[in-house]
>>> print(open('entry.cif').read())   # mmCIF, C-alpha atoms
data_model
#
loop_
_atom_site.label_atom_id
_atom_site.label_comp_id
_atom_site.auth_asym_id
_atom_site.auth_seq_id
_atom_site.Cartn_x
_atom_site.Cartn_y
_atom_site.Cartn_z
CA MET A 1 -13.80 -14.40 5.47
CA PHE A 2 -12.02 -11.69 7.49
CA LYS A 3 -10.30 -14.23 9.75
CA ARG A 4 -9.04 -16.20 6.78
CA PHE A 5 -7.98 -12.99 4.99
CA ARG A 6 -6.09 -11.73 8.05
CA ILE A 7 -4.17 -15.01 8.30
CA ILE A 8 -3.18 -14.72 4.62
CA ALA A 9 -2.13 -11.10 5.15
CA ILE A 10 0.02 -11.92 8.19
CA VAL A 11 1.74 -14.78 6.37
CA LEU A 12 2.48 -12.56 3.37
CA ALA A 13 3.79 -9.77 5.60
CA ALA A 14 6.02 -12.14 7.54
CA LEU A 15 7.53 -13.34 4.26
CA LEU A 16 8.37 -9.75 3.30
CA PRO A 17 12.05 -9.20 4.34
CA SER A 18 12.29 -6.21 2.00
CA CYS A 19 10.72 -4.86 -1.15
CA LYS A 20 13.41 -6.29 -3.40
CA ALA A 21 13.52 -9.64 -1.64
CA PHE A 22 9.74 -9.92 -1.90
CA GLN A 23 9.94 -9.29 -5.61
CA SER A 24 12.47 -12.10 -5.98
CA PHE A 25 9.99 -14.86 -5.08
CA ILE A 26 6.76 -13.35 -6.53
CA HIS A 27 7.00 -11.67 -9.92
CA ASP A 28 5.48 -8.26 -10.59
CA GLY A 29 1.75 -8.42 -11.29
CA GLU A 30 1.23 -11.33 -8.94
CA VAL A 31 -1.80 -11.20 -6.64
CA VAL A 32 -0.74 -10.94 -3.00
CA ALA A 33 -4.19 -10.68 -1.40
CA LYS A 34 -7.83 -11.25 -2.38
CA LEU A 35 -11.16 -10.22 -0.91
CA GLY A 36 -14.23 -11.32 -2.82
CA ASP A 37 -13.63 -10.34 -6.43
CA HIS A 38 -11.01 -7.74 -5.49
CA LYS A 39 -7.31 -8.40 -5.89
CA LEU A 40 -4.29 -6.60 -4.46
CA TYR A 41 -1.21 -6.80 -6.65
CA LEU A 42 2.45 -6.82 -5.73
CA SER A 43 3.16 -3.57 -7.58
CA GLU A 44 0.60 -1.71 -5.45
CA LEU A 45 1.98 -3.15 -2.24
CA GLU A 46 5.55 -2.31 -3.19
CA SER A 47 4.62 1.28 -3.96
CA VAL A 48 3.83 1.97 -0.29
CA ILE A 49 6.93 0.27 1.18
CA PRO A 50 10.11 2.40 1.06
CA ASN A 51 13.38 0.84 -0.01
CA GLY A 52 16.04 0.37 2.63
CA ILE A 53 13.82 -0.16 5.67
CA SER A 54 14.33 -3.09 8.03
CA PRO A 55 12.60 -6.45 7.41
CA GLU A 56 10.50 -5.90 10.53
CA ASP A 57 9.29 -2.47 9.40
CA SER A 58 8.69 -3.78 5.90
CA ALA A 59 6.56 -6.64 7.23
CA SER A 60 4.64 -4.27 9.52
CA LEU A 61 3.87 -1.81 6.70
CA ALA A 62 2.77 -4.63 4.41
CA ASN A 63 0.42 -6.00 7.04
CA LEU A 64 -1.07 -2.57 7.76
CA TYR A 65 -1.63 -1.80 4.10
CA ILE A 66 -3.16 -5.20 3.30
CA ASN A 67 -5.63 -4.93 6.17
CA SER A 68 -6.49 -1.32 5.26
CA TRP A 69 -7.04 -2.37 1.65
CA ALA A 70 -9.29 -5.25 2.76
CA THR A 71 -11.39 -2.94 4.94
CA GLY A 72 -11.84 -0.54 2.05
CA MET A 73 -12.92 -3.29 -0.31
CA ALA A 74 -15.33 -4.75 2.26
CA PHE A 75 -17.00 -1.36 2.71
CA GLN A 76 -17.22 -0.94 -1.06
CA ASP A 77 -18.91 -4.32 -1.47
CA ILE A 78 -21.47 -3.76 1.29
CA ALA A 79 -22.23 -0.27 -0.02
CA GLU A 80 -22.79 -1.67 -3.52
CA GLN A 81 -25.22 -4.20 -2.08
CA LYS A 82 -27.17 -2.01 0.32
CA LEU A 83 -27.34 1.42 -1.31
CA SER A 84 -29.93 2.36 -3.90
CA LYS A 85 -29.00 3.30 -7.45
CA GLU A 86 -29.52 6.97 -6.63
CA GLU A 87 -27.37 6.72 -3.49
CA LYS A 88 -24.58 5.08 -5.46
CA ASP A 89 -24.55 7.82 -8.08
CA VAL A 90 -21.58 9.97 -7.02
CA SER A 91 -20.91 11.55 -10.42
CA LYS A 92 -21.88 15.05 -9.27
CA GLU A 93 -19.65 14.84 -6.19
CA LEU A 94 -16.76 13.53 -8.28
CA ASP A 95 -17.16 16.32 -10.82
CA ALA A 96 -17.27 18.94 -8.06
CA TYR A 97 -14.20 17.45 -6.37
CA ARG A 98 -12.28 17.30 -9.66
CA GLN A 99 -13.20 20.91 -10.41
CA SER A 100 -12.11 22.01 -6.94
CA LEU A 101 -8.85 20.08 -7.15
CA LEU A 102 -7.97 21.42 -10.60
CA ARG A 103 -8.73 24.96 -9.46
CA TYR A 104 -6.57 24.55 -6.36
CA ARG A 105 -3.63 23.16 -8.34
CA PHE A 106 -3.78 25.93 -10.92
CA GLU A 107 -4.07 28.61 -8.24
CA GLN A 108 -1.00 27.18 -6.49
CA ARG A 109 0.97 27.26 -9.74
CA TYR A 110 -0.28 30.74 -10.65
CA VAL A 111 0.65 32.18 -7.25
CA ALA A 112 4.05 30.42 -7.15
CA GLU A 113 4.97 32.00 -10.49
CA ARG A 114 3.91 35.55 -9.53
CA LEU A 115 4.02 36.01 -5.77
CA ASP A 116 6.60 38.49 -4.48
CA THR A 117 7.80 37.16 -1.10
CA VAL A 118 10.24 39.98 -0.38
CA VAL A 119 8.95 42.27 2.35
CA SER A 120 10.92 45.42 3.20
CA GLN A 121 11.47 46.69 6.70
CA LYS A 122 9.53 49.83 5.78
CA GLU A 123 6.50 47.75 4.81
CA ILE A 124 6.75 45.90 8.12
CA ASN A 125 7.05 49.13 10.11
CA ASP A 126 4.19 50.79 8.24
CA TYR A 127 1.88 47.82 8.83
CA TYR A 128 2.87 47.68 12.50
CA GLU A 129 2.14 51.38 13.04
CA ALA A 130 -1.24 51.09 11.32
CA HIS A 131 -2.33 47.96 13.24
CA LYS A 132 -0.63 48.20 16.64
CA GLU A 133 -3.78 47.39 18.58
CA ASN A 134 -4.00 44.01 16.84
CA PHE A 135 -0.72 42.92 18.40
CA LYS A 136 -1.62 43.31 22.08
CA LEU A 137 -0.03 40.50 24.04
CA GLU A 138 -2.08 37.60 25.38
CA ARG A 139 0.90 36.54 27.51
CA PRO A 140 4.02 38.32 28.76
CA ILE A 141 7.18 38.33 26.69
CA LEU A 142 10.69 38.45 28.08
CA LYS A 143 14.37 38.81 27.41
CA ALA A 144 16.32 36.63 29.83
CA ARG A 145 19.39 34.56 30.65
CA PHE A 146 18.80 31.05 31.95
CA MET A 147 20.87 28.34 33.61
CA ARG A 148 20.40 24.97 35.25
CA ILE A 149 23.05 24.23 37.86
CA ALA A 150 23.63 22.08 40.95
CA GLU A 151 22.36 23.77 44.11
CA ASP A 152 25.70 23.19 45.83
CA SER A 153 27.87 24.46 42.96
CA PRO A 154 30.62 26.74 44.31
CA ASN A 155 30.16 28.96 41.24
CA LEU A 156 26.40 29.46 41.63
CA GLN A 157 26.46 32.91 43.22
CA LYS A 158 29.31 34.11 41.03
CA ILE A 159 27.48 33.18 37.84
CA LYS A 160 24.24 34.75 39.11
CA LYS A 161 26.07 38.02 39.75
CA LEU A 162 27.76 38.02 36.34
CA MET A 163 24.65 36.99 34.37
CA SER A 164 22.71 39.90 35.90
CA SER A 165 25.32 42.48 34.92
CA ASP A 166 24.90 45.23 32.33
CA ASP A 167 28.58 44.92 31.47
CA VAL A 168 29.10 42.89 28.29
CA VAL A 169 32.45 41.58 29.55
CA GLU A 170 30.86 40.23 32.73
CA VAL A 171 27.99 38.66 30.78
CA VAL A 172 30.52 36.86 28.57
CA ALA A 173 32.38 35.75 31.71
CA ALA A 174 29.14 34.27 33.09
CA ASP A 175 28.76 32.23 29.93
CA SER A 176 32.39 31.08 30.15
CA ILE A 177 32.20 29.97 33.80
CA ALA A 178 28.80 28.34 33.26
CA PHE A 179 30.26 26.29 30.41
CA ASN A 180 32.23 24.24 32.96
CA SER A 181 29.94 24.62 35.99
CA ALA A 182 26.32 24.59 34.79
CA GLN A 183 24.37 21.80 33.13
CA ARG A 184 22.76 24.32 30.81
CA TYR A 185 23.26 28.02 30.15
CA VAL A 186 21.38 29.98 27.49
CA ASP A 187 21.40 33.71 26.80
CA PHE A 188 18.02 34.81 25.43
CA SER A 189 18.69 38.48 26.14
CA ASP A 190 19.11 39.44 22.48
CA ARG A 191 15.53 38.60 21.49
CA TRP A 192 12.00 38.70 22.85
CA MET A 193 10.49 35.35 23.76
CA ASP A 194 7.04 34.21 24.83
CA ALA A 195 6.86 33.49 28.57
CA VAL A 196 5.74 29.97 27.66
CA THR A 197 9.09 29.33 25.98
CA LEU A 198 11.07 30.32 29.07
CA ALA A 199 8.67 28.37 31.29
CA GLY A 200 9.57 25.30 29.26
CA GLU A 201 13.13 25.63 30.54
CA PHE A 202 11.79 25.48 34.09
CA GLY A 203 9.45 22.57 33.36
CA VAL A 204 6.40 24.47 34.66
CA ASP A 205 3.63 26.61 33.15
CA TYR A 206 4.35 30.31 32.70
CA VAL A 207 1.94 31.41 35.46
CA GLU A 208 3.76 29.31 38.05
CA MET A 209 7.13 30.46 36.71
CA LEU A 210 6.23 34.15 37.05
CA SER A 211 4.86 33.55 40.56
CA LYS A 212 8.43 32.62 41.55
CA LYS A 213 9.85 35.88 40.22
CA SER A 214 11.61 37.93 42.88
CA GLY A 215 13.02 41.18 41.61
CA LYS A 216 14.60 40.26 38.28
CA PHE A 217 15.41 36.66 39.22
CA ILE A 218 13.30 33.53 38.87
CA GLU A 219 14.54 30.48 40.79
CA ILE A 220 12.94 27.04 40.93
CA LYS A 221 14.43 23.86 42.43
CA ASP A 222 13.78 20.68 40.47
CA GLY A 223 13.83 18.31 43.45
CA GLN A 224 16.91 16.53 42.16
CA GLY A 225 19.53 18.77 43.66
CA ASN A 226 19.48 21.26 40.80
CA LEU A 227 18.44 24.88 40.62
CA ARG A 228 16.94 26.54 37.56
CA VAL A 229 17.66 30.24 37.44
CA ALA A 230 16.65 33.01 35.05
CA PHE A 231 17.65 36.64 35.11
CA VAL A 232 14.94 38.70 33.43
CA VAL A 233 16.63 41.46 31.45
CA ASP A 234 13.33 42.96 30.31
CA MET A 235 9.64 42.02 30.30
CA ILE A 236 6.46 43.32 28.70
CA LYS A 237 3.21 42.35 30.40
CA ALA A 238 0.12 40.80 28.85
CA GLY A 239 -2.26 43.38 27.39
CA GLU A 240 0.54 45.68 26.31
CA ILE A 241 1.79 46.24 22.76
CA PRO A 242 5.11 44.52 21.97
CA PRO A 243 7.89 46.09 19.90
CA VAL A 244 7.87 45.63 16.15
CA GLU A 245 10.69 43.07 16.19
CA PHE A 246 8.52 40.65 18.16
CA CYS A 247 5.72 40.98 15.58
CA GLN A 248 7.94 40.91 12.52
CA GLU A 249 7.45 37.30 11.37
CA ARG A 250 3.70 37.54 11.88
CA ILE A 251 3.53 40.79 9.91
CA VAL A 252 5.52 39.28 7.02
CA ASP A 253 3.06 36.37 6.88
CA ILE A 254 0.11 38.79 6.89
CA ILE A 255 1.56 40.92 4.09
CA ILE A 256 2.42 37.93 1.90
CA SER A 257 -0.99 36.40 2.56
CA GLY A 258 -2.58 39.69 1.46
CA ARG A 259 -0.54 39.68 -1.74
CA LYS A 260 -1.62 36.10 -2.42
CA HIS A 261 -5.29 36.98 -1.88
CA LYS A 262 -4.98 39.95 -4.22
CA LEU A 263 -3.39 37.79 -6.92
CA LEU A 264 -6.20 35.25 -6.74
CA THR A 265 -8.90 37.92 -6.73
CA THR A 266 -7.32 39.55 -9.78
CA LEU A 267 -7.08 36.15 -11.47
CA GLU A 268 -10.81 35.55 -10.98
CA GLN A 269 -11.67 38.97 -12.42
CA ASP A 270 -9.29 38.55 -15.36
CA LEU A 271 -10.72 35.13 -16.25
CA ILE A 272 -14.28 36.50 -16.36
CA GLU A 273 -13.26 39.59 -18.32
CA ASP A 274 -11.30 37.47 -20.77
CA ALA A 275 -14.25 35.14 -21.26
CA LYS A 276 -16.53 38.13 -21.90
CA ALA A 277 -14.06 39.65 -24.36
CA LYS A 278 -13.95 36.37 -26.30
CA GLU A 279 -17.75 36.11 -26.05
CA ASN A 280 -17.43 32.81 -24.19
CA PHE A 281 -19.48 34.01 -21.23
CA GLU A 282 -23.09 35.09 -21.40
CA ILE A 283 -25.85 35.40 -18.81
CA TYR A 284 -29.37 34.78 -20.08
CA SER A 285 -32.11 36.86 -18.55
CA SER A 286 -35.08 34.91 -17.27
CA LYS A 287 -38.46 35.62 -18.80
#
>>> encode(input="entry.cif", output="structure tokens")
Amino acid sequence: MFKRFRIIAIVLAALLPSCKAFQSFIHDGEVVAKLGDHKLYLSELESVIPNGISPEDSASLANLYINSWATGMAFQDIAEQKLSKEEKDVSKELDAYRQSLLRYRFEQRYVAERLDTVVSQKEINDYYEAHKENFKLERPILKARFMRIAEDSPNLQKIKKLMSSDDVVEVVAADSIAFNSAQRYVDFSDRWMDAVTLAGEFGVDYVEMLSKKSGKFIEIKDGQGNLRVAFVVDMIKAGEIPPVEFCQERIVDIIISGRKHKLLTTLEQDLIEDAKAKENFEIYSSK
């Protein structure tokens, strides 16, 4: 049965140049596949195939869906045959799932209508000061300037000198010269970054990258005639507490999550109190 069904599915998929073209030779409501007593209709197949995709992609999606549908129906049939009446009774599970789904959807709507997502800088600072120990670094963070440049570039040393300067004018000059000389130049010195992010620029893990650090420079050759260079403007080691600006996004998420939890807890309490007030909720004592 499966071999015959697969052949039918492949033929149908191959004939599917696009959703609209498919509809032109089989009218809506037409059966496009059959397994036992189960039928797959054109309208269901069309609903999973986006308009505007290529004939090849359309045929591929159709074939995937038809075979997935057939597998599902085959499992349903064998389960109906082999399971006992008690095993096939899923009414309790369906009721529980429906209840859970309805609750989730209402909670999402309730929170969306009431949640305040504006977090002030004072709230961020206050939370940071009260929970500093929770933000200890697992990995170092850095501020740095990075470039990838040919090892034999005549401007290599000049750019290195300028990019390591404290003078804003010289730092801008490094960027300007690198624009025409380097393959890549990025100034990360205005924000803290995880060492893993900078290591990605070198194409190595952060432990290996930091092992190449000499003074404030990190240099790694890529084996293709290029040199990857970073000047570390500042670094905070693992185990230390980072500045508040590095933790800011995380703190905002924590505060908003706390507000959401409070809303839902209040909702639960209000629903019970409302039910009691309307005498819709009563607990019977056992004898």
>>> residues_near_point(input="entry.cif", point="(14.0, 33.5, 33.2)", cutoff="8 Å", atoms="only C-alpha atoms", output="list in words")
Leu142, Lys143, Ala144, Arg145, Phe146, Leu198, Ala199, Phe217, Ile218, Val229, Ala230, Phe231 and Val232 of chain A
>>> write_last_selection(input="entry.cif", atoms="C-alpha atoms", output="PDB file, in the frame of the given file")
ATOM      1  CA  LEU A 142      10.690  38.450  28.080  1.00  0.00           C
ATOM      2  CA  LYS A 143      14.370  38.810  27.410  1.00  0.00           C
ATOM      3  CA  ALA A 144      16.320  36.630  29.830  1.00  0.00           C
ATOM      4  CA  ARG A 145      19.390  34.560  30.650  1.00  0.00           C
ATOM      5  CA  PHE A 146      18.800  31.050  31.950  1.00  0.00           C
ATOM      6  CA  LEU A 198      11.070  30.320  29.070  1.00  0.00           C
ATOM      7  CA  ALA A 199       8.670  28.370  31.290  1.00  0.00           C
ATOM      8  CA  PHE A 217      15.410  36.660  39.220  1.00  0.00           C
ATOM      9  CA  ILE A 218      13.300  33.530  38.870  1.00  0.00           C
ATOM     10  CA  VAL A 229      17.660  30.240  37.440  1.00  0.00           C
ATOM     11  CA  ALA A 230      16.650  33.010  35.050  1.00  0.00           C
ATOM     12  CA  PHE A 231      17.650  36.640  35.110  1.00  0.00           C
ATOM     13  CA  VAL A 232      14.940  38.700  33.430  1.00  0.00           C
TER      14      VAL A 232
END
>>> residues_near_point(input="entry.cif", point="(21.4, 23.0, 34.1)", cutoff="9 Å", atoms="all atoms listed in the file", output="PyMOL selection string")
chain A and resi 146-150+181-185+226-229
>>> closest_residue(input="entry.cif", among="A:Glu87, A:Glu282, A:Ile272, A:Glu249", to="Gln121 of chain A", atoms="all atoms listed in the file")
A:Glu249
>>> atom_distance(input="entry.cif", atom1="atom CA of Thr71 of chain A", atom2="atom CA of Ser54 of chain A")
25.9 Å
>>> closest_atom_pairs(input="entry.cif", of="segment 115-167 of chain A", to="segment 235-243 of chain A", cutoff="6 Å", atoms="only C-alpha atoms", output="Markdown table")
| residue | atom | partner | partner_atom | distance |
| --- | --- | --- | --- | --- |
| A:Lys136 | CA | A:Ile241 | CA | 4.5 |
| A:Leu137 | CA | A:Ala238 | CA | 4.8 |
| A:Glu138 | CA | A:Ala238 | CA | 5.2 |
| A:Arg139 | CA | A:Ala238 | CA | 4.5 |
| A:Pro140 | CA | A:Lys237 | CA | 4.4 |
| A:Ile141 | CA | A:Ile236 | CA | 5.4 |
| A:Leu142 | CA | A:Met235 | CA | 4.3 |
>>> closest_atom_pairs(input="entry.cif", of="segment 63-123 of chain A", to="segment 258-270 of chain A", cutoff="9 Å", atoms="all atoms listed in the file", output="JSON lines")
{"residue": "A:Glu107", "atom": "CA", "partner": "A:Leu264", "partner_atom": "CA", "distance": 7.1}
{"residue": "A:Tyr110", "atom": "CA", "partner": "A:Leu264", "partner_atom": "CA", "distance": 8.4}
{"residue": "A:Val111", "atom": "CA", "partner": "A:Lys260", "partner_atom": "CA", "distance": 6.6}
{"residue": "A:Arg114", "atom": "CA", "partner": "A:Leu263", "partner_atom": "CA", "distance": 8.1}
{"residue": "A:Leu115", "atom": "CA", "partner": "A:Lys260", "partner_atom": "CA", "distance": 6.6}
{"residue": "A:Asp116", "atom": "CA", "partner": "A:Arg259", "partner_atom": "CA", "distance": 7.7}
{"residue": "A:Thr117", "atom": "CA", "partner": "A:Arg259", "partner_atom": "CA", "distance": 8.7}
>>> axis_aligned_box(input="entry.cif", around="segment 263-279 of chain A", padding_each_side="3 Å", output="lines of an AutoDock Vina configuration file")
center_x = -10.6
center_y = 37.4
center_z = -16.5
size_x = 20.4
size_y = 10.5
size_z = 25.6
>>> atom_distance(input="entry.cif", atom1="atom CA of Phe246 of chain A", atom2="atom CA of Phe188 of chain A")
13.3 Å
>>> residues_around(input="entry.cif", residues="Tyr128 of chain A", least_positions_apart="4", cutoff="8 Å", atoms="only C-alpha atoms", output="MDAnalysis selection string")
chainID A and resid 124 132 244 247 251
>>> atom_distance(input="entry.cif", atom1="atom CA of Asn180 of chain A", atom2="atom CA of Ile159 of chain A")
11.2 Å
>>> closest_residue(input="entry.cif", among="A:Leu271, A:Val119, A:Met73, A:Leu61", to="Asp37 of chain A", atoms="all atoms listed in the file")
A:Met73
>>> resolve_selection(input="entry.cif", expression="the PyMOL selection byres ((chain A and resi 42-45) around 7)", output="PyMOL selection string")
chain A and resi 28-32+40-41+46-49+62
>>> closest_residue(input="entry.cif", among="A:Val252, A:Ser189, A:Thr197, A:Asn125", to="Asp234 of chain A", atoms="all atoms listed in the file")
A:Ser189
>>> closest_residue(input="entry.cif", among="A:Val233, A:Val90, A:Val204, A:Ile78", to="Arg191 of chain A", atoms="all atoms listed in the file")
A:Val233
>>> closest_residue(input="entry.cif", among="A:Lys216, A:Ala33, A:Val196, A:Asp126", to="Ser165 of chain A", atoms="only C-alpha atoms")
A:Lys216
>>> closest_residue(input="entry.cif", among="A:Gln76, A:Lys161, A:Ala70, A:Gln224", to="Lys88 of chain A", atoms="all atoms listed in the file")
A:Gln76
